[in-house]
>>> print(open('model.cif').read())   # mmCIF, N, CA and C atoms and all ligand atoms; chains and numbers go by the auth columns
data_model
loop_
_atom_site.group_PDB
_atom_site.id
_atom_site.type_symbol
_atom_site.label_atom_id
_atom_site.label_comp_id
_atom_site.label_asym_id
_atom_site.label_seq_id
_atom_site.Cartn_x
_atom_site.Cartn_y
_atom_site.Cartn_z
_atom_site.B_iso_or_equiv
_atom_site.auth_seq_id
_atom_site.auth_asym_id
ATOM 1 N N MET A 1 0.846 -1.192 0.000 0.00 1 I
ATOM 2 C CA MET A 1 0.000 0.000 0.000 0.00 1 I
ATOM 3 C C MET A 1 0.880 1.240 0.000 0.00 1 I
ATOM 4 N N ARG A 2 0.473 2.212 -0.799 0.00 2 I
ATOM 5 C CA ARG A 2 1.189 3.484 -0.802 0.00 2 I
ATOM 6 C C ARG A 2 0.188 4.598 -0.490 0.00 2 I
ATOM 7 N N ILE A 3 0.537 5.424 0.467 0.00 3 I
ATOM 8 C CA ILE A 3 -0.313 6.542 0.858 0.00 3 I
ATOM 9 C C ILE A 3 0.464 7.818 0.596 0.00 3 I
ATOM 10 N N SER A 4 -0.181 8.745 -0.079 0.00 4 I
ATOM 11 C CA SER A 4 0.470 10.031 -0.299 0.00 4 I
ATOM 12 C C SER A 4 -0.539 11.155 -0.192 0.00 4 I
ATOM 13 N N VAL A 5 -0.008 12.346 0.008 0.00 5 I
ATOM 14 C CA VAL A 5 -0.845 13.554 0.075 0.00 5 I
ATOM 15 C C VAL A 5 -0.345 14.515 -0.994 0.00 5 I
ATOM 16 N N ASP A 6 -1.268 14.968 -1.827 0.00 6 I
ATOM 17 C CA ASP A 6 -0.927 15.965 -2.836 0.00 6 I
ATOM 18 C C ASP A 6 -0.698 17.297 -2.117 0.00 6 I
ATOM 19 N N GLU A 7 0.538 17.740 -2.069 0.00 7 I
ATOM 20 C CA GLU A 7 0.894 18.916 -1.278 0.00 7 I
ATOM 21 C C GLU A 7 0.277 20.193 -1.829 0.00 7 I
ATOM 22 N N ILE A 8 -0.062 20.202 -3.084 0.00 8 I
ATOM 23 C CA ILE A 8 -0.681 21.401 -3.672 0.00 8 I
ATOM 24 C C ILE A 8 -2.160 21.460 -3.301 0.00 8 I
ATOM 25 N N LEU A 9 -2.815 20.300 -3.320 0.00 9 I
ATOM 26 C CA LEU A 9 -4.241 20.272 -2.999 0.00 9 I
ATOM 27 C C LEU A 9 -4.512 20.407 -1.503 0.00 9 I
ATOM 28 N N CYS A 10 -3.651 19.871 -0.668 0.00 10 I
ATOM 29 C CA CYS A 10 -3.892 19.844 0.775 0.00 10 I
ATOM 30 C C CYS A 10 -4.057 21.258 1.325 0.00 10 I
ATOM 31 N N CYS A 11 -5.169 21.463 2.070 0.00 11 I
ATOM 32 C CA CYS A 11 -5.423 22.775 2.673 0.00 11 I
ATOM 33 C C CYS A 11 -5.179 22.740 4.184 0.00 11 I
ATOM 34 N N ALA A 12 -4.592 21.653 4.661 0.00 12 I
ATOM 35 C CA ALA A 12 -4.205 21.503 6.074 0.00 12 I
ATOM 36 C C ALA A 12 -5.400 21.565 7.027 0.00 12 I
ATOM 37 N N ALA A 13 -6.534 21.096 6.575 0.00 13 I
ATOM 38 C CA ALA A 13 -7.740 21.126 7.413 0.00 13 I
ATOM 39 C C ALA A 13 -7.663 20.121 8.559 0.00 13 I
ATOM 40 N N GLY A 14 -6.917 19.061 8.392 0.00 14 I
ATOM 41 C CA GLY A 14 -6.683 18.140 9.502 0.00 14 I
ATOM 42 C C GLY A 14 -7.678 17.014 9.677 0.00 14 I
ATOM 43 N N VAL A 15 -8.573 16.837 8.729 0.00 15 I
ATOM 44 C CA VAL A 15 -9.513 15.720 8.821 0.00 15 I
ATOM 45 C C VAL A 15 -8.756 14.400 8.939 0.00 15 I
ATOM 46 N N CYS A 16 -7.720 14.260 8.172 0.00 16 I
ATOM 47 C CA CYS A 16 -6.948 13.017 8.145 0.00 16 I
ATOM 48 C C CYS A 16 -6.251 12.758 9.486 0.00 16 I
ATOM 49 N N GLU A 17 -5.631 13.781 10.021 0.00 17 I
ATOM 50 C CA GLU A 17 -4.921 13.623 11.298 0.00 17 I
ATOM 51 C C GLU A 17 -5.889 13.303 12.432 0.00 17 I
ATOM 52 N N ALA A 18 -7.069 13.920 12.406 0.00 18 I
ATOM 53 C CA ALA A 18 -8.063 13.649 13.451 0.00 18 I
ATOM 54 C C ALA A 18 -8.502 12.191 13.409 0.00 18 I
ATOM 55 N N GLU A 19 -8.574 11.632 12.224 0.00 19 I
ATOM 56 C CA GLU A 19 -9.039 10.251 12.069 0.00 19 I
ATOM 57 C C GLU A 19 -7.923 9.236 12.313 0.00 19 I
ATOM 58 N N LEU A 20 -6.754 9.525 11.781 0.00 20 I
ATOM 59 C CA LEU A 20 -5.622 8.582 11.870 0.00 20 I
ATOM 60 C C LEU A 20 -4.329 9.331 12.233 0.00 20 I
ATOM 61 N N PRO A 21 -4.183 9.694 13.508 0.00 21 I
ATOM 62 C CA PRO A 21 -3.006 10.485 13.906 0.00 21 I
ATOM 63 C C PRO A 21 -1.684 9.743 13.798 0.00 21 I
ATOM 64 N N ASP A 22 -1.738 8.414 13.733 0.00 22 I
ATOM 65 C CA ASP A 22 -0.495 7.651 13.564 0.00 22 I
ATOM 66 C C ASP A 22 -0.023 7.652 12.114 0.00 22 I
ATOM 67 N N VAL A 23 -0.888 8.076 11.212 0.00 23 I
ATOM 68 C CA VAL A 23 -0.573 8.015 9.784 0.00 23 I
ATOM 69 C C VAL A 23 -0.356 9.405 9.174 0.00 23 I
ATOM 70 N N PHE A 24 -1.139 10.368 9.644 0.00 24 I
ATOM 71 C CA PHE A 24 -1.083 11.717 9.057 0.00 24 I
ATOM 72 C C PHE A 24 -0.726 12.751 10.117 0.00 24 I
ATOM 73 N N GLU A 25 0.119 13.705 9.743 0.00 25 I
ATOM 74 C CA GLU A 25 0.469 14.804 10.634 0.00 25 I
ATOM 75 C C GLU A 25 0.465 16.097 9.832 0.00 25 I
ATOM 76 N N VAL A 26 -0.406 17.018 10.248 0.00 26 I
ATOM 77 C CA VAL A 26 -0.454 18.322 9.585 0.00 26 I
ATOM 78 C C VAL A 26 0.772 19.129 10.028 0.00 26 I
ATOM 79 N N GLN A 27 1.523 19.618 9.071 0.00 27 I
ATOM 80 C CA GLN A 27 2.714 20.404 9.379 0.00 27 I
ATOM 81 C C GLN A 27 2.310 21.850 9.670 0.00 27 I
ATOM 82 N N ASP A 28 3.093 22.535 10.489 0.00 28 I
ATOM 83 C CA ASP A 28 2.823 23.944 10.782 0.00 28 I
ATOM 84 C C ASP A 28 2.846 24.750 9.497 0.00 28 I
ATOM 85 N N GLY A 29 1.681 25.287 9.152 0.00 29 I
ATOM 86 C CA GLY A 29 1.599 26.148 7.983 0.00 29 I
ATOM 87 C C GLY A 29 1.842 25.449 6.661 0.00 29 I
ATOM 88 N N GLY A 30 1.812 24.155 6.675 0.00 30 I
ATOM 89 C CA GLY A 30 2.115 23.465 5.429 0.00 30 I
ATOM 90 C C GLY A 30 1.236 22.248 5.223 0.00 30 I
ATOM 91 N N PRO A 31 1.532 21.493 4.212 0.00 31 I
ATOM 92 C CA PRO A 31 0.703 20.324 3.927 0.00 31 I
ATOM 93 C C PRO A 31 0.932 19.202 4.934 0.00 31 I
ATOM 94 N N THR A 32 0.080 18.245 4.861 0.00 32 I
ATOM 95 C CA THR A 32 0.149 17.097 5.750 0.00 32 I
ATOM 96 C C THR A 32 1.251 16.146 5.323 0.00 32 I
ATOM 97 N N LYS A 33 1.922 15.614 6.328 0.00 33 I
ATOM 98 C CA LYS A 33 2.982 14.642 6.093 0.00 33 I
ATOM 99 C C LYS A 33 2.438 13.239 6.375 0.00 33 I
ATOM 100 N N VAL A 34 2.818 12.290 5.554 0.00 34 I
ATOM 101 C CA VAL A 34 2.458 10.897 5.798 0.00 34 I
ATOM 102 C C VAL A 34 3.529 10.297 6.703 0.00 34 I
ATOM 103 N N LEU A 35 3.128 9.875 7.906 0.00 35 I
ATOM 104 C CA LEU A 35 4.077 9.340 8.885 0.00 35 I
ATOM 105 C C LEU A 35 4.353 7.863 8.667 0.00 35 I
ATOM 106 N N SER A 36 3.337 7.152 8.199 0.00 36 I
ATOM 107 C CA SER A 36 3.475 5.710 8.047 0.00 36 I
ATOM 108 C C SER A 36 2.571 5.207 6.935 0.00 36 I
ATOM 109 N N GLU A 37 3.071 4.304 6.162 0.00 37 I
ATOM 110 C CA GLU A 37 2.235 3.696 5.125 0.00 37 I
ATOM 111 C C GLU A 37 1.766 2.320 5.559 0.00 37 I
ATOM 112 N N SER A 38 2.032 2.014 6.818 0.00 38 I
ATOM 113 C CA SER A 38 1.579 0.750 7.371 0.00 38 I
ATOM 114 C C SER A 38 0.309 0.998 8.174 0.00 38 I
ATOM 115 N N VAL A 39 -0.824 0.615 7.604 0.00 39 I
ATOM 116 C CA VAL A 39 -2.110 0.824 8.256 0.00 39 I
ATOM 117 C C VAL A 39 -2.670 -0.539 8.646 0.00 39 I
ATOM 118 N N PRO A 40 -2.872 -0.778 9.950 0.00 40 I
ATOM 119 C CA PRO A 40 -3.403 -2.065 10.389 0.00 40 I
ATOM 120 C C PRO A 40 -4.760 -2.345 9.748 0.00 40 I
ATOM 121 N N VAL A 41 -5.060 -3.605 9.617 0.00 41 I
ATOM 122 C CA VAL A 41 -6.315 -4.011 8.967 0.00 41 I
ATOM 123 C C VAL A 41 -7.520 -3.352 9.635 0.00 41 I
ATOM 124 N N ASP A 42 -7.497 -3.251 10.947 0.00 42 I
ATOM 125 C CA ASP A 42 -8.656 -2.673 11.634 0.00 42 I
ATOM 126 C C ASP A 42 -8.787 -1.169 11.448 0.00 42 I
ATOM 127 N N LYS A 43 -7.805 -0.559 10.789 0.00 43 I
ATOM 128 C CA LYS A 43 -7.871 0.891 10.520 0.00 43 I
ATOM 129 C C LYS A 43 -8.127 1.187 9.046 0.00 43 I
ATOM 130 N N ARG A 44 -8.281 0.141 8.250 0.00 44 I
ATOM 131 C CA ARG A 44 -8.467 0.359 6.806 0.00 44 I
ATOM 132 C C ARG A 44 -9.761 1.108 6.505 0.00 44 I
ATOM 133 N N ALA A 45 -10.814 0.821 7.270 0.00 45 I
ATOM 134 C CA ALA A 45 -12.080 1.521 7.045 0.00 45 I
ATOM 135 C C ALA A 45 -11.915 3.010 7.351 0.00 45 I
ATOM 136 N N ALA A 46 -11.142 3.304 8.383 0.00 46 I
ATOM 137 C CA ALA A 46 -10.883 4.707 8.722 0.00 46 I
ATOM 138 C C ALA A 46 -10.108 5.385 7.603 0.00 46 I
ATOM 139 N N LEU A 47 -9.184 4.663 7.015 0.00 47 I
ATOM 140 C CA LEU A 47 -8.412 5.225 5.895 0.00 47 I
ATOM 141 C C LEU A 47 -9.325 5.515 4.710 0.00 47 I
ATOM 142 N N THR A 48 -10.247 4.626 4.450 0.00 48 I
ATOM 143 C CA THR A 48 -11.207 4.857 3.371 0.00 48 I
ATOM 144 C C THR A 48 -12.029 6.114 3.649 0.00 48 I
ATOM 145 N N GLN A 49 -12.413 6.289 4.906 0.00 49 I
ATOM 146 C CA GLN A 49 -13.163 7.487 5.278 0.00 49 I
ATOM 147 C C GLN A 49 -12.327 8.746 5.090 0.00 49 I
ATOM 148 N N VAL A 50 -11.052 8.668 5.418 0.00 50 I
ATOM 149 C CA VAL A 50 -10.170 9.826 5.222 0.00 50 I
ATOM 150 C C VAL A 50 -10.121 10.207 3.745 0.00 50 I
ATOM 151 N N VAL A 51 -9.974 9.217 2.891 0.00 51 I
ATOM 152 C CA VAL A 51 -9.932 9.497 1.445 0.00 51 I
ATOM 153 C C VAL A 51 -11.230 10.165 1.009 0.00 51 I
ATOM 154 N N ARG A 52 -12.341 9.657 1.497 0.00 52 I
ATOM 155 C CA ARG A 52 -13.643 10.217 1.105 0.00 52 I
ATOM 156 C C ARG A 52 -13.877 11.604 1.697 0.00 52 I
ATOM 157 N N ASN A 53 -13.406 11.816 2.931 0.00 53 I
ATOM 158 C CA ASN A 53 -13.748 13.043 3.648 0.00 53 I
ATOM 159 C C ASN A 53 -12.727 14.161 3.524 0.00 53 I
ATOM 160 N N CYS A 54 -11.574 13.871 2.971 0.00 54 I
ATOM 161 C CA CYS A 54 -10.607 14.958 2.739 0.00 54 I
ATOM 162 C C CYS A 54 -11.281 16.005 1.840 0.00 54 I
ATOM 163 N N PRO A 55 -11.381 17.242 2.311 0.00 55 I
ATOM 164 C CA PRO A 55 -12.168 18.242 1.581 0.00 55 I
ATOM 165 C C PRO A 55 -11.608 18.595 0.208 0.00 55 I
ATOM 166 N N THR A 56 -10.352 18.302 -0.017 0.00 56 I
ATOM 167 C CA THR A 56 -9.773 18.672 -1.313 0.00 56 I
ATOM 168 C C THR A 56 -9.368 17.455 -2.143 0.00 56 I
ATOM 169 N N GLY A 57 -9.670 16.271 -1.637 0.00 57 I
ATOM 170 C CA GLY A 57 -9.300 15.074 -2.392 0.00 57 I
ATOM 171 C C GLY A 57 -7.801 14.876 -2.502 0.00 57 I
ATOM 172 N N ALA A 58 -7.080 15.307 -1.458 0.00 58 I
ATOM 173 C CA ALA A 58 -5.622 15.286 -1.529 0.00 58 I
ATOM 174 C C ALA A 58 -4.985 13.957 -1.125 0.00 58 I
ATOM 175 N N VAL A 59 -5.764 13.098 -0.474 0.00 59 I
ATOM 176 C CA VAL A 59 -5.195 11.830 -0.002 0.00 59 I
ATOM 177 C C VAL A 59 -5.319 10.772 -1.101 0.00 59 I
ATOM 178 N N ILE A 60 -4.189 10.194 -1.442 0.00 60 I
ATOM 179 C CA ILE A 60 -4.141 9.198 -2.504 0.00 60 I
ATOM 180 C C ILE A 60 -3.638 7.883 -1.931 0.00 60 I
ATOM 181 N N VAL A 61 -4.420 6.829 -2.132 0.00 61 I
ATOM 182 C CA VAL A 61 -4.032 5.495 -1.661 0.00 61 I
ATOM 183 C C VAL A 61 -4.016 4.557 -2.860 0.00 61 I
ATOM 184 N N THR A 62 -2.894 3.889 -3.049 0.00 62 I
ATOM 185 C CA THR A 62 -2.787 2.895 -4.108 0.00 62 I
ATOM 186 C C THR A 62 -2.365 1.575 -3.488 0.00 62 I
ATOM 187 N N GLU A 63 -2.921 0.517 -4.013 0.00 63 I
ATOM 188 C CA GLU A 63 -2.609 -0.817 -3.470 0.00 63 I
ATOM 189 C C GLU A 63 -1.342 -1.357 -4.110 0.00 63 I
HETATM 190 S S1 LIG B . -7.804 16.016 5.196 0.00 101 I
HETATM 191 FE FE1 LIG B . -6.917 16.427 3.171 0.00 101 I
HETATM 192 S S2 LIG B . -6.773 18.635 3.027 0.00 101 I
HETATM 193 FE FE2 LIG B . -7.095 18.129 5.189 0.00 101 I
HETATM 194 S S3 LIG B . -5.016 18.000 6.049 0.00 101 I
HETATM 195 FE FE3 LIG B . -5.585 15.947 5.414 0.00 101 I
HETATM 196 S S4 LIG B . -4.790 15.756 3.328 0.00 101 I
HETATM 197 FE FE4 LIG B . -4.816 17.907 3.803 0.00 101 I
#
>>> encode(input="model.cif", output="structure tokens", more="lines below")
Ligand code: SF4
Amino acid sequence: MRISVDEILCCAAGVCEAELPDVFEVQDGGPTKVLSESVPVDKRAALTQVVRNCPTGAVIVTE
């Protein structure tokens, strides 16, 4: 699995970090950083929600 954030699209709203703080970290004044691409099976649904709920569609997940 590869998780990335489009740094141009990201508006640093923090939806992703609120849902999965072990995976996403909003940088001060900047785009979100991906901390880990290892998402436990029980968190996959949360990751799907992050992709859907990111207001700018900046979260990209590829298998
Ligand atoms: S939810 Fe989307 S726009 Fe908001 S901080 Fe995360 S990646 Fe950026």
>>> residues_near_point(input="model.cif", point="(3.0, 9.4, 2.4)", cutoff="7 Å", atoms="all atoms listed in the file", output="PyMOL selection string")
chain I and resi 2-5+33-37
>>> axis_aligned_box(input="model.cif", around="ligand LIG 101 (chain I)", padding_each_side="3 Å", output="lines of an AutoDock Vina configuration file")
center_x = -6.3
center_y = 17.2
center_z = 4.5
size_x = 9.0
size_y = 8.9
size_z = 9.0
>>> residues_near_ligand(input="model.cif", ligand="ligand LIG 101 (chain I)", cutoff="6.5 Å", atoms="only N, CA and C atoms and all ligand atoms", output="number ranges by chain")
I: 5-6, 9-17, 26, 31-32, 50, 53-59
>>> atom_distance(input="model.cif", atom1="atom N of Gln49 of chain I", atom2="atom C of Glu7 of chain I")
20.0 Å
>>> select_by_dssp(input="model.cif", residues="chain I", states="helix (DSSP H, G or I)", output="PyMOL selection string")
chain I and resi 15-19+41-53
>>> atom_distance(input="model.cif", atom1="atom CA of Asp42 of chain I", atom2="atom C of Gly30 of chain I")
27.6 Å
>>> atom_distance(input="model.cif", atom1="atom N of Ala18 of chain I", atom2="atom C of Ala46 of chain I")
10.3 Å
>>> select_by_dssp(input="model.cif", residues="chain I", states="strand (DSSP E)", output="PyMOL selection string")
chain I and resi 2-5+24-26+32-34+59-62
>>> closest_residue(input="model.cif", among="I:Ile8, I:Leu47, I:Met1, I:Val41", to="Leu20 of chain I", atoms="all atoms listed in the file")
I:Leu47
>>> build_atoms(input="model.cif", residues="segment 42-53 of chain I", atoms="all heavy atoms", output="compact mmCIF listing (two decimals), keeping the file's coordinate frame")
# COMPACT_ATOMS: atom_id res chain seq x y z
N ASP I 42 -7.50 -3.25 10.95
CA ASP I 42 -8.66 -2.67 11.63
C ASP I 42 -8.79 -1.17 11.45
O ASP I 42 -9.75 -0.56 11.90
CB ASP I 42 -8.64 -3.04 13.12
CG ASP I 42 -7.46 -2.44 13.86
OD1 ASP I 42 -6.43 -2.16 13.23
OD2 ASP I 42 -7.57 -2.23 15.08
N LYS I 43 -7.80 -0.56 10.79
CA LYS I 43 -7.87 0.89 10.52
C LYS I 43 -8.13 1.19 9.05
O LYS I 43 -8.16 2.35 8.64
CB LYS I 43 -6.55 1.56 10.93
CG LYS I 43 -6.22 1.43 12.39
CD LYS I 43 -7.03 2.39 13.23
CE LYS I 43 -6.55 2.36 14.68
NZ LYS I 43 -7.34 3.20 15.54
N ARG I 44 -8.28 0.14 8.25
CA ARG I 44 -8.47 0.36 6.81
C ARG I 44 -9.76 1.11 6.50
O ARG I 44 -9.82 1.93 5.60
CB ARG I 44 -8.46 -0.98 6.07
CG ARG I 44 -7.11 -1.71 6.16
CD ARG I 44 -6.06 -1.08 5.28
NE ARG I 44 -4.75 -1.63 5.54
CZ ARG I 44 -4.24 -2.71 4.97
NH1 ARG I 44 -4.96 -3.36 4.08
NH2 ARG I 44 -3.04 -3.11 5.27
N ALA I 45 -10.81 0.82 7.27
CA ALA I 45 -12.08 1.52 7.04
C ALA I 45 -11.92 3.01 7.35
O ALA I 45 -12.45 3.86 6.64
CB ALA I 45 -13.19 0.91 7.91
N ALA I 46 -11.14 3.30 8.38
CA ALA I 46 -10.88 4.71 8.72
C ALA I 46 -10.11 5.38 7.60
O ALA I 46 -10.35 6.55 7.27
CB ALA I 46 -10.12 4.80 10.04
N LEU I 47 -9.18 4.66 7.02
CA LEU I 47 -8.41 5.22 5.90
C LEU I 47 -9.32 5.52 4.71
O LEU I 47 -9.21 6.57 4.06
CB LEU I 47 -7.29 4.27 5.50
CG LEU I 47 -6.41 4.73 4.35
CD1 LEU I 47 -5.71 6.05 4.68
CD2 LEU I 47 -5.38 3.65 4.00
N THR I 48 -10.25 4.63 4.45
CA THR I 48 -11.21 4.86 3.37
C THR I 48 -12.03 6.11 3.65
O THR I 48 -12.28 6.92 2.75
CB THR I 48 -12.14 3.63 3.22
OG1 THR I 48 -11.34 2.50 2.90
CG2 THR I 48 -13.18 3.85 2.13
N GLN I 49 -12.41 6.29 4.91
CA GLN I 49 -13.16 7.49 5.28
C GLN I 49 -12.33 8.75 5.09
O GLN I 49 -12.83 9.78 4.66
CB GLN I 49 -13.63 7.39 6.74
CG GLN I 49 -14.76 6.43 6.94
CD GLN I 49 -15.98 6.75 6.09
OE1 GLN I 49 -16.44 7.88 6.03
NE2 GLN I 49 -16.46 5.77 5.36
N VAL I 50 -11.05 8.67 5.42
CA VAL I 50 -10.17 9.83 5.22
C VAL I 50 -10.12 10.21 3.74
O VAL I 50 -10.23 11.39 3.39
CB VAL I 50 -8.75 9.52 5.75
CG1 VAL I 50 -7.75 10.56 5.26
CG2 VAL I 50 -8.75 9.48 7.27
N VAL I 51 -9.97 9.22 2.89
CA VAL I 51 -9.93 9.50 1.44
C VAL I 51 -11.23 10.16 1.01
O VAL I 51 -11.22 11.16 0.26
CB VAL I 51 -9.69 8.20 0.65
CG1 VAL I 51 -9.84 8.45 -0.85
CG2 VAL I 51 -8.31 7.64 0.96
N ARG I 52 -12.34 9.66 1.50
CA ARG I 52 -13.64 10.22 1.10
C ARG I 52 -13.88 11.60 1.70
O ARG I 52 -14.53 12.45 1.08
CB ARG I 52 -14.77 9.29 1.58
CG ARG I 52 -14.86 8.03 0.76
CD ARG I 52 -16.09 7.23 1.16
NE ARG I 52 -16.15 5.98 0.41
CZ ARG I 52 -16.61 4.84 0.88
NH1 ARG I 52 -17.07 4.78 2.09
NH2 ARG I 52 -16.62 3.76 0.12
N ASN I 53 -13.41 11.82 2.93
CA ASN I 53 -13.75 13.04 3.65
C ASN I 53 -12.73 14.16 3.52
O ASN I 53 -13.00 15.28 3.95
CB ASN I 53 -13.97 12.73 5.14
CG ASN I 53 -15.18 11.85 5.35
OD1 ASN I 53 -16.12 11.85 4.54
ND2 ASN I 53 -15.18 11.09 6.42
